[in-house]
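Colleague: This is the structure, below, for whatever I ask next.
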Amino acid sequence: MNKRVTLEQAATLAAKWRNEGKTVALANGVFDLLHVGHVRYLQGAKAMADRLVVAVNSDASTRAVKGPSRPVISESERAELLEALSCTDAVLIFSEPDVRTVLRAIRPNLHVKGTDYTPESIPERAEVEAWGGRVAVAGDPKDHSTSELVKKLGR
């Protein structure tokens, strides 16, 4: 099964899954130079829900957030790597500066961020809670970083 979807397809899938009584989680990030911290985050998010949708920052939004030398890996290849993980059910690429547009379309039961956040510090918390969703944190301590890997590689 091809897990790559558009935002509209992800919204339709999420609605279908919720109608089937399944819980839907959304995780998001750049996922440049996929590493064990990313995998632990996504596995943790999947453990909290029946279905996991992953929203990946586009190349342009990654440059806006991380600077002109990023991403190292193209959006298409980053999405393909995430599709290959057994914990992901759908993967989409988004171009907005933050994930709010994706959240509004998908309306997940759960929005999961990495351990660099606390539930109280998740920027989209109020928005998610407004439709009855909740936020959570998953993954290992922030001991792994793509930025650190990039520095080690001398890029």
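Letters A, B, ... mark the chains of the structure tokens in the order given; residue numbers begin at 1 per chain; ligand numbers begin at 1, in order shown.
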Using backbone DSSP assignments, extract all alpha helix (DSSP H) residues from range 81-112 of chain A; output them as number ranges by chain.

Modeller: A: 81-83, 100-106

Colleague: Take the residues that were just selected and, keeping C-alpha atoms, output them as a PDB file, in the first residue's frame.

Modeller:
```pdb
ATOM      1  CA  LEU A  81      11.584   6.772   4.352  1.00  0.00           C
ATOM      2  CA  LEU A  82       8.676   7.461   6.704  1.00  0.00           C
ATOM      3  CA  GLU A  83       6.317   5.441   4.515  1.00  0.00           C
ATOM      4  CA  ARG A 100      -2.167  24.022  12.141  1.00  0.00           C
ATOM      5  CA  THR A 101      -3.656  23.723   8.628  1.00  0.00           C
ATOM      6  CA  VAL A 102      -2.989  19.978   8.693  1.00  0.00           C
ATOM      7  CA  LEU A 103      -4.496  19.651  12.163  1.00  0.00           C
ATOM      8  CA  ARG A 104      -7.647  21.538  11.134  1.00  0.00           C
ATOM      9  CA  ALA A 105      -8.128  19.271   8.105  1.00  0.00           C
ATOM     10  CA  ILE A 106      -7.438  15.968   9.833  1.00  0.00           C
TER      11      ILE A 106
END
```

Colleague: From the DSSP assignment of the backbone, select every residue of chain A that is strand (DSSP E), and format the answer as a PDB file with N, CA and C atoms, in the first residue's frame.

Modeller:
```
ATOM      1  N   VAL A  24      -7.044   8.326  15.945  1.00  0.00           N
ATOM      2  CA  VAL A  24      -6.103   8.831  14.944  1.00  0.00           C
ATOM      3  C   VAL A  24      -5.144   9.808  15.627  1.00  0.00           C
ATOM      4  N   ALA A  25      -3.852   9.579  15.431  1.00  0.00           N
ATOM      5  CA  ALA A  25      -2.828  10.494  15.937  1.00  0.00           C
ATOM      6  C   ALA A  25      -2.131  11.170  14.763  1.00  0.00           C
ATOM      7  N   LEU A  26      -1.696  12.397  14.996  1.00  0.00           N
ATOM      8  CA  LEU A  26      -0.882  13.122  14.021  1.00  0.00           C
ATOM      9  C   LEU A  26       0.439  13.457  14.679  1.00  0.00           C
ATOM     10  N   ALA A  27       1.512  13.123  13.995  1.00  0.00           N
ATOM     11  CA  ALA A  27       2.859  13.535  14.384  1.00  0.00           C
ATOM     12  C   ALA A  27       3.419  14.341  13.224  1.00  0.00           C
ATOM     13  N   ASN A  28       4.298  15.284  13.513  1.00  0.00           N
ATOM     14  CA  ASN A  28       4.854  16.082  12.425  1.00  0.00           C
ATOM     15  C   ASN A  28       6.301  16.446  12.704  1.00  0.00           C
ATOM     16  N   GLY A  29       7.000  16.803  11.624  1.00  0.00           N
ATOM     17  CA  GLY A  29       8.381  17.228  11.761  1.00  0.00           C
ATOM     18  C   GLY A  29       9.077  17.273  10.424  1.00  0.00           C
ATOM     19  N   ARG A  51      -4.197   4.571  14.503  1.00  0.00           N
ATOM     20  CA  ARG A  51      -3.657   4.993  13.206  1.00  0.00           C
ATOM     21  C   ARG A  51      -2.767   6.212  13.410  1.00  0.00           C
ATOM     22  N   LEU A  52      -1.652   6.263  12.660  1.00  0.00           N
ATOM     23  CA  LEU A  52      -0.720   7.382  12.756  1.00  0.00           C
ATOM     24  C   LEU A  52      -0.534   8.035  11.396  1.00  0.00           C
ATOM     25  N   VAL A  53      -0.856   9.319  11.344  1.00  0.00           N
ATOM     26  CA  VAL A  53      -0.609  10.149  10.176  1.00  0.00           C
ATOM     27  C   VAL A  53       0.618  10.995  10.495  1.00  0.00           C
ATOM     28  N   VAL A  54       1.562  11.039   9.564  1.00  0.00           N
ATOM     29  CA  VAL A  54       2.781  11.824   9.761  1.00  0.00           C
ATOM     30  C   VAL A  54       2.825  12.929   8.719  1.00  0.00           C
ATOM     31  N   ALA A  55       2.959  14.162   9.200  1.00  0.00           N
ATOM     32  CA  ALA A  55       3.064  15.327   8.332  1.00  0.00           C
ATOM     33  C   ALA A  55       4.530  15.766   8.301  1.00  0.00           C
ATOM     34  N   VAL A  56       5.076  15.835   7.106  1.00  0.00           N
ATOM     35  CA  VAL A  56       6.490  16.149   6.888  1.00  0.00           C
ATOM     36  C   VAL A  56       6.622  17.552   6.309  1.00  0.00           C
ATOM     37  N   ASN A  57       7.478  18.372   6.909  1.00  0.00           N
ATOM     38  CA  ASN A  57       7.726  19.707   6.370  1.00  0.00           C
ATOM     39  C   ASN A  57       8.306  19.608   4.969  1.00  0.00           C
ATOM     40  N   ALA A  90      -0.139   6.785   7.203  1.00  0.00           N
ATOM     41  CA  ALA A  90      -0.266   7.749   6.106  1.00  0.00           C
ATOM     42  C   ALA A  90       0.797   8.820   6.311  1.00  0.00           C
ATOM     43  N   VAL A  91       1.345   9.302   5.202  1.00  0.00           N
ATOM     44  CA  VAL A  91       2.395  10.323   5.232  1.00  0.00           C
ATOM     45  C   VAL A  91       2.034  11.401   4.222  1.00  0.00           C
ATOM     46  N   LEU A  92       2.122  12.656   4.658  1.00  0.00           N
ATOM     47  CA  LEU A  92       1.863  13.764   3.742  1.00  0.00           C
ATOM     48  C   LEU A  92       2.925  14.837   3.932  1.00  0.00           C
ATOM     49  N   ILE A  93       3.119  15.625   2.899  1.00  0.00           N
ATOM     50  CA  ILE A  93       4.069  16.737   2.926  1.00  0.00           C
ATOM     51  C   ILE A  93       3.259  18.028   3.028  1.00  0.00           C
ATOM     52  N   PHE A  94       3.684  18.912   3.940  1.00  0.00           N
ATOM     53  CA  PHE A  94       2.983  20.192   4.064  1.00  0.00           C
ATOM     54  C   PHE A  94       3.961  21.347   3.947  1.00  0.00           C
ATOM     55  N   LEU A 110      -5.564  12.835  18.625  1.00  0.00           N
ATOM     56  CA  LEU A 110      -4.350  13.066  19.382  1.00  0.00           C
ATOM     57  C   LEU A 110      -3.285  13.711  18.499  1.00  0.00           C
ATOM     58  N   HIS A 111      -2.692  14.790  18.998  1.00  0.00           N
ATOM     59  CA  HIS A 111      -1.558  15.430  18.317  1.00  0.00           C
ATOM     60  C   HIS A 111      -0.334  15.161  19.179  1.00  0.00           C
ATOM     61  N   VAL A 112       0.653  14.471  18.615  1.00  0.00           N
ATOM     62  CA  VAL A 112       1.814  14.024  19.375  1.00  0.00           C
ATOM     63  C   VAL A 112       3.063  14.771  18.921  1.00  0.00           C
ATOM     64  N   LYS A 113       3.779  15.328  19.881  1.00  0.00           N
ATOM     65  CA  LYS A 113       5.043  16.015  19.619  1.00  0.00           C
ATOM     66  C   LYS A 113       6.168  15.249  20.324  1.00  0.00           C
ATOM     67  N   ARG A 134      -6.712  15.759  22.055  1.00  0.00           N
ATOM     68  CA  ARG A 134      -5.750  16.006  23.118  1.00  0.00           C
ATOM     69  C   ARG A 134      -4.334  15.970  22.551  1.00  0.00           C
ATOM     70  N   VAL A 135      -3.405  16.471  23.334  1.00  0.00           N
ATOM     71  CA  VAL A 135      -2.006  16.492  22.928  1.00  0.00           C
ATOM     72  C   VAL A 135      -1.210  15.574  23.846  1.00  0.00           C
ATOM     73  N   ALA A 136      -0.086  15.099  23.337  1.00  0.00           N
ATOM     74  CA  ALA A 136       0.777  14.222  24.118  1.00  0.00           C
ATOM     75  C   ALA A 136       2.206  14.359  23.601  1.00  0.00           C
ATOM     76  N   VAL A 137       3.121  13.828  24.384  1.00  0.00           N
ATOM     77  CA  VAL A 137       4.542  13.828  24.043  1.00  0.00           C
ATOM     78  C   VAL A 137       4.993  12.377  23.967  1.00  0.00           C
TER      79      VAL A 137
END
```

Colleague: Go through A:Val5, A:Leu42, A:Ile122, A:Ala47 and flag the residue nearest Ser76 in chain A, using only C-alpha atoms for the distances.

Modeller: A:Val5

Colleague: Just how far from CA of Val39 in chain A is CA of Gly114 in chain A, in Å to one decimal?

Modeller: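 Separation between CA of Gly114 in chain A and CA of Val39 in chain A: 10.8 Å.
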
Colleague: Here is a test: counting only C-alpha atoms, which residue of A:Asp140, A:Lys66, A:Ser58, A:Ala45 is nearest to Thr23 in chain A?

Modeller: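 Looking only at the distances to Thr23 in chain A, the closest residue turns out to be A:Ala45.
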
Colleague: Any idea what's packed within 9 Å of Ala15 in chain A, counting only C-alpha atoms, ignoring anything in its chain fewer than 4 positions away? Could you give it as a list in words?

Modeller: Ala10, Ala11, Asn19, Glu20, Val24, Ile106, Arg107 and Pro108 of chain A

Colleague: Dump N, CA and C atoms for the selected residues as a compact mmCIF listing (two decimals), in the first residue's frame?

Modeller:
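Okay, this is what ended up in again-v9.txt:
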```
# COMPACT_ATOMS: atom_id res chain seq x y z
N ALA A 10 -5.72 12.54 3.38
CA ALA A 10 -5.48 12.26 4.80
C ALA A 10 -6.72 12.60 5.63
N ALA A 11 -7.38 13.70 5.30
CA ALA A 11 -8.59 14.09 6.02
C ALA A 11 -9.69 13.05 5.82
N ASN A 19 -14.75 7.03 12.09
CA ASN A 19 -16.07 6.42 11.94
C ASN A 19 -16.05 4.93 12.25
N GLU A 20 -14.91 4.31 12.05
CA GLU A 20 -14.74 2.90 12.37
C GLU A 20 -14.40 2.69 13.86
N VAL A 24 -7.04 8.33 15.94
CA VAL A 24 -6.10 8.83 14.94
C VAL A 24 -5.14 9.81 15.63
N ILE A 106 -7.39 17.36 9.38
CA ILE A 106 -7.44 15.97 9.83
C ILE A 106 -8.22 15.80 11.13
N ARG A 107 -8.15 16.80 12.01
CA ARG A 107 -8.82 16.76 13.31
C ARG A 107 -8.53 15.46 14.05
N PRO A 108 -7.25 15.20 14.29
CA PRO A 108 -6.90 13.93 14.96
C PRO A 108 -7.42 13.90 16.40
```

Colleague: My list of candidates is A:Arg4, A:Arg70, A:Lys16, A:Lys46. Which is closest to Val30 in chain A when distances are computed with only C-alpha atoms?

Modeller: A:Arg70
